[in-house]
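Chemist: Pasting a structure below so you can have a look.
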Amino acid sequence: MTENAKASPPPRRRNIRWGVLTPTIVLGVLVAAYTAYWWIVAGEIRNRVETASLDDGRIEAGWKELGVYGFPYRFTASFTGPEIAAPRTPEQWRWQAEEFSASVLPYDFSHAIFDVEGEQRLSFRDVTQQDAPRRHWRIETHTAWASYVAQEGAPFGRLAIDVKKLDATREDGGGTMRAQRLQLHARPAPLTLEGGAAPILPGTPKAATAIDLAFQGEDMLLPARLTPPALGNKAGFVILQARMRNVPVTHAASPVEFSRDWMAAGGTLAVSDLKVKWGPLDMKASGEVTLDEKGRPAGRLEAEIADYEGLVSALVKAGRIPRKNEKMALAGLGLISQFQGNKSGRVRVPVVMSEGKLYLGPVPVARLDPVY
């Protein structure tokens with residue numbers, strides 16, 4: 001080293017400790033803040049559930065145990081032995097289950113997921129009969145799941161229900177219902193003339209809206225009370241797309257009260273697409289249905305029926321068509337089918353619901369009981 005050479009300064013030491021600790025501290029603070037937030041909200045959820053008043057107190061709720069779980073991804077209110085009842089409604093219904101849960105995400109409280117596990121019990125008073133005893137049903141499912149998304153400014157949000165392998169039995173031996181799968185979807189629809197919705201009728205509450213419905217049932221075994229003899233009690237599928245018009249904001253506790261308020265508001269069901277495979281009946285239809293003053297379905301559907309020969313044969317066996325008129329009925333339907341240009345045994349006929357009877361063309365095929 002020469003005399004003029006200068007020693008270079010030592011390298012500047014970086015504060016390595018704070019460079020590592022700062023993000024760790026920030027992350028720790030965020031985790032602690034979120035943990036505190038989660039437990040505070042969980043406590044608020046528990047408090048609101050325990051103090052909730054459903055439908056102004058007309059629905060009574062209880063359970064054996066309640067817990068709020070799901071940290072850190074969600075909030076899940078889990079009920080053991082839940083029981084919900086509406087003793088002050090016409091049906092006086094009561095529902096019980098082994099386990100029920102409702103879940104929401106921490107960042108979206110408008111969307112709730114519901115799940116039911118184990119055996120369910122449903123009891124209610126049959127409002128279609130005077131002094132009728134209570135009906136008690138035991139219900140088992142492989143899965144029973146629902147999703148509800150609230151919509152701001154709308155009295156009703158988006159609902160989806162999915163049930164697989166339903167097995168329901170009336171405890172007095174009065175009926176059995178099974179289904180491989182049941183699906184229901186409902187969402188608000190604009191109450192305008194566009195898209196088939198009806199205009200607001202005079203006297204309709206301002207809060208009335210329209211609701212779009214979609215239903216699908218697969219491989220169903222239906223109670224004998226609900227099955228026309230000509231069709232039997234096994235339905236391959238029922239697929240429905242429809243719009244409920246003039247739906248008012250009404251009591252949530254009672255289907256009967258809802259039906260009465262809906263009819264008072266001029267309610268109708270506009271069926272855009274109905275497909276049914278039920279015994280000998282293979283049908284597509286569309287039209288409009290409502291309820292008459294006695295609570296019975298009323299209206300008219302324009303239907304296209306496949307294999308009308310098999311259907312006529314079933315109606316003859318059930319006594320709905322006199323055997324002496326079988327050939328005349330087949331000839332008449334065959335002539336109509338030819339005029340319509342249909343092939344493969346298809347024919348278009350009206351399906352009319354009037355005065356408590358269901359007519360397939362001019363032939364009464366079933367009795368229609370009041371729904372309330």
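Order determines the names: the first chain of the structure tokens is A, the second B, and so forth; residues in each chain are numbered 1 upward, and ligands are numbered 1 upward as they are shown.
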Tell me, as a PyMOL selection string, which residues lie within 6 Å of range 264-278 of chain A, counting only C-alpha atoms; anything in the same chain fewer than 6 positions away does not count.

Modeler: chain A and resi 204+235-246+284-290

Chemist: How about saving the chosen residues, C-alpha atoms kept, as a tab-separated table (two decimals), in the first residue's frame?

Modeler:
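The result, stored in again-v1.tsv:
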chain	number	residue	atom	x	y	z
A	204	THR	CA	-102.53	-4.49	-5.02
A	235	ALA	CA	-93.79	-39.84	-11.31
A	236	GLY	CA	-90.60	-39.96	-13.34
A	237	PHE	CA	-90.10	-36.21	-13.27
A	238	VAL	CA	-91.88	-32.88	-12.94
A	239	ILE	CA	-90.08	-29.79	-14.28
A	240	LEU	CA	-91.66	-26.36	-13.85
A	241	GLN	CA	-90.67	-22.82	-14.76
A	242	ALA	CA	-93.19	-20.16	-13.76
A	243	ARG	CA	-93.70	-16.63	-12.46
A	244	MET	CA	-95.80	-15.77	-9.41
A	245	ARG	CA	-97.45	-12.43	-10.12
A	246	ASN	CA	-98.60	-9.83	-7.60
A	284	LYS	CA	-95.43	-30.46	-22.07
A	285	ALA	CA	-97.59	-27.45	-21.21
A	286	SER	CA	-97.77	-23.70	-20.60
A	287	GLY	CA	-100.53	-21.40	-19.42
A	288	GLU	CA	-101.86	-19.65	-16.32
A	289	VAL	CA	-103.13	-20.99	-13.00
A	290	THR	CA	-104.69	-19.36	-9.94

Chemist: Please identify the strand (DSSP E or B) residues within range 120-354 of chain A (assignment by DSSP from backbone atoms) and present them as a PyMOL selection string.

Modeler: chain A and resi 120-125+134-140+143-149+158-170+176-189+209-221+234-247+268-278+281-291+297-306+347-354

Chemist: So that I can check the surroundings of Ala318 in chain A, please list as a PyMOL selection string every protein, DNA and RNA residue that reaches within 10 Å of it, counting only C-alpha atoms and ignoring chain neighbours fewer than 6 positions away.

Modeler: chain A and resi 228-232+312+365

Chemist: Using only C-alpha atoms, which of A:Leu311, A:Leu122, A:Leu105, A:Met353 sits nearest Gly279 in chain A?

Modeler: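 With only C-alpha atoms as the atom set, the closest residue is A:Leu311.
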
Chemist: May I have the residues within 12 Å of Pro255 in chain A as a PyMOL selection string, using only C-alpha atoms and disregarding those fewer than 3 positions away in the same chain?

Modeler: chain A and resi 86+89-93+124+127+250-252+258-262+371-372

Chemist: If I take CA of Thr209 in chain A and CA of Arg181 in chain A, how far is one from the other in Å, to one decimal?

Modeler: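 Interatomic distance, CA of Thr209 in chain A to CA of Arg181 in chain A: 29.0 Å.
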
Chemist: What's the 7 Å shell around range 32-49 of chain A, counting only C-alpha atoms, without same-chain residues fewer than 3 positions away, as a list in words?

Modeler: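 So the residues in contact are Gly28, Val29, Ala52, Val68 and Phe75 of chain A.
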
Chemist: Would you save the residues from that selection as a compact mmCIF listing (two decimals), in the first residue's frame, using C-alpha atoms?

Modeler:
# COMPACT_ATOMS: atom_id res chain seq x y z
CA GLY A 28 -49.32 -10.44 14.00
CA VAL A 29 -51.32 -7.25 14.60
CA ALA A 52 -84.63 -12.88 17.80
CA VAL A 68 -70.99 -20.53 16.80
CA PHE A 75 -69.44 -17.97 10.90

Chemist: Just the number, please: distance in Å from CA of Glu293 in chain A to CA of Leu360 in chain A, one decimal.

Modeler: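 Interatomic distance here is 22.2 Å.
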
Chemist: Taking only C-alpha atoms into account, name the residue in A:Phe156, A:Phe71, A:Trp137, A:Tyr148 that is nearest to Arg170 in chain A.

Modeler: A:Trp137

Chemist: Point out the residue among A:Thr169, A:Ser101, A:Gln130, A:Gln340 with the least atom-to-atom distance to Glu304 in chain A, counting only C-alpha atoms.

Modeler: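 Looking only at the distances to Glu304 in chain A, the closest residue turns out to be A:Gln340.
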
Chemist: Determine which residues of range 255-290 of chain A receive a DSSP assignment of helix (DSSP H, G or I), computed from the backbone, and state them as a list in words.

Modeler: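 Helix (DSSP H, G or I) assignments inside range 255-290 of chain A correspond to Pro255, Val256, Glu257, Phe258, Ser259, Arg260, Asp261, Trp262, Met263 and Ala264 of chain A.
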
Chemist: Filtering to C-alpha atoms, could you give me those residues as a JSON list (two decimals), in the first residue's frame?

Modeler:
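The result, written out as again18.json:
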[["chain", "number", "residue", "atom", "x", "y", "z"],
["A", 255, "PRO", "CA", -98.59, -20.78, 3.84],
["A", 256, "VAL", "CA", -102.38, -20.51, 4.19],
["A", 257, "GLU", "CA", -102.27, -16.82, 5.11],
["A", 258, "PHE", "CA", -99.78, -16.22, 2.32],
["A", 259, "SER", "CA", -102.12, -17.90, -0.20],
["A", 260, "ARG", "CA", -105.10, -15.84, 0.97],
["A", 261, "ASP", "CA", -103.16, -12.57, 0.80],
["A", 262, "TRP", "CA", -101.75, -13.51, -2.59],
["A", 263, "MET", "CA", -105.21, -14.22, -3.98],
["A", 264, "ALA", "CA", -106.56, -10.97, -2.49]]

Chemist: Please identify all polymer residues within 12 Å of Ile113 in chain A, counting only C-alpha atoms, omitting same-chain residues fewer than 6 positions from it, and present them as an NGL selection string.

Modeler: :A and (74-78 or 100-105 or 144-150 or 158-162)

Chemist: Write out, as an mmCIF file, in the first residue's frame, the residues just selected, with N, CA and C atoms.

Modeler:
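Everything below was put into selection.cif:
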data_model
loop_
_atom_site.group_PDB
_atom_site.id
_atom_site.type_symbol
_atom_site.label_atom_id
_atom_site.label_comp_id
_atom_site.auth_asym_id
_atom_site.auth_seq_id
_atom_site.Cartn_x
_atom_site.Cartn_y
_atom_site.Cartn_z
ATOM 1 N N ARG A 74 -65.386 -18.679 8.292
ATOM 2 C CA ARG A 74 -66.815 -18.405 8.201
ATOM 3 C C ARG A 74 -67.399 -18.327 9.611
ATOM 4 N N PHE A 75 -68.664 -17.905 9.662
ATOM 5 C CA PHE A 75 -69.441 -17.968 10.902
ATOM 6 C C PHE A 75 -70.530 -19.020 10.699
ATOM 7 N N THR A 76 -70.557 -20.025 11.551
ATOM 8 C CA THR A 76 -71.571 -21.075 11.459
ATOM 9 C C THR A 76 -72.292 -21.187 12.789
ATOM 10 N N ALA A 77 -73.592 -20.891 12.765
ATOM 11 C CA ALA A 77 -74.432 -21.104 13.944
ATOM 12 C C ALA A 77 -75.002 -22.516 13.847
ATOM 13 N N SER A 78 -74.617 -23.367 14.785
ATOM 14 C CA SER A 78 -75.001 -24.777 14.758
ATOM 15 C C SER A 78 -75.981 -25.060 15.895
ATOM 16 N N PHE A 100 -79.088 -28.628 12.756
ATOM 17 C CA PHE A 100 -79.327 -27.583 11.758
ATOM 18 C C PHE A 100 -78.209 -26.555 11.879
ATOM 19 N N SER A 101 -77.722 -26.064 10.743
ATOM 20 C CA SER A 101 -76.665 -25.057 10.775
ATOM 21 C C SER A 101 -76.931 -23.986 9.722
ATOM 22 N N ALA A 102 -76.459 -22.776 10.034
ATOM 23 C CA ALA A 102 -76.541 -21.635 9.112
ATOM 24 C C ALA A 102 -75.176 -20.976 9.075
ATOM 25 N N SER A 103 -74.636 -20.778 7.866
ATOM 26 C CA SER A 103 -73.278 -20.250 7.721
ATOM 27 C C SER A 103 -73.273 -19.011 6.836
ATOM 28 N N VAL A 104 -72.406 -18.046 7.200
ATOM 29 C CA VAL A 104 -72.150 -16.861 6.368
ATOM 30 C C VAL A 104 -70.648 -16.633 6.334
ATOM 31 N N LEU A 105 -70.187 -15.934 5.296
ATOM 32 C CA LEU A 105 -68.784 -15.585 5.195
ATOM 33 C C LEU A 105 -68.518 -14.275 5.931
ATOM 34 N N ALA A 144 -79.921 -32.241 2.714
ATOM 35 C CA ALA A 144 -80.954 -31.202 2.653
ATOM 36 C C ALA A 144 -80.235 -29.870 2.836
ATOM 37 N N TRP A 145 -80.183 -29.094 1.785
ATOM 38 C CA TRP A 145 -79.318 -27.917 1.730
ATOM 39 C C TRP A 145 -80.088 -26.753 1.123
ATOM 40 N N ALA A 146 -79.796 -25.539 1.582
ATOM 41 C CA ALA A 146 -80.464 -24.359 1.032
ATOM 42 C C ALA A 146 -79.493 -23.183 1.028
ATOM 43 N N SER A 147 -79.722 -22.255 0.111
ATOM 44 C CA SER A 147 -78.930 -21.028 0.005
ATOM 45 C C SER A 147 -79.891 -19.862 -0.153
ATOM 46 N N TYR A 148 -79.620 -18.773 0.586
ATOM 47 C CA TYR A 148 -80.460 -17.584 0.468
ATOM 48 C C TYR A 148 -79.571 -16.351 0.370
ATOM 49 N N VAL A 149 -79.843 -15.526 -0.644
ATOM 50 C CA VAL A 149 -79.097 -14.287 -0.853
ATOM 51 C C VAL A 149 -80.085 -13.130 -0.764
ATOM 52 N N ALA A 150 -79.945 -12.298 0.267
ATOM 53 C CA ALA A 150 -80.820 -11.139 0.421
ATOM 54 C C ALA A 150 -80.479 -10.098 -0.641
ATOM 55 N N ARG A 158 -82.864 -14.267 -3.353
ATOM 56 C CA ARG A 158 -82.699 -15.461 -4.181
ATOM 57 C C ARG A 158 -82.586 -16.686 -3.270
ATOM 58 N N LEU A 159 -83.447 -17.667 -3.528
ATOM 59 C CA LEU A 159 -83.509 -18.875 -2.704
ATOM 60 C C LEU A 159 -83.249 -20.095 -3.570
ATOM 61 N N ALA A 160 -82.418 -21.014 -3.062
ATOM 62 C CA ALA A 160 -82.190 -22.294 -3.728
ATOM 63 C C ALA A 160 -82.267 -23.392 -2.674
ATOM 64 N N ILE A 161 -83.027 -24.435 -2.974
ATOM 65 C CA ILE A 161 -83.171 -25.583 -2.069
ATOM 66 C C ILE A 161 -82.858 -26.846 -2.859
ATOM 67 N N ASP A 162 -82.053 -27.720 -2.281
ATOM 68 C CA ASP A 162 -81.672 -28.972 -2.946
ATOM 69 C C ASP A 162 -81.781 -30.108 -1.926
#

Chemist: Could you tell me how far CA of Val116 in chain A sits from CA of Gly157 in chain A, in Å to one decimal place?

Modeler: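 About the pair CA of Gly157 in chain A and CA of Val116 in chain A: they are 20.7 Å apart.
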
Chemist: Excluding same-chain residues fewer than 6 positions from Met177 in chain A, what lies within 7 Å of it counting only C-alpha atoms, as an MDAnalysis selection string?

Modeler: chainID A and resid 167:169 221:223
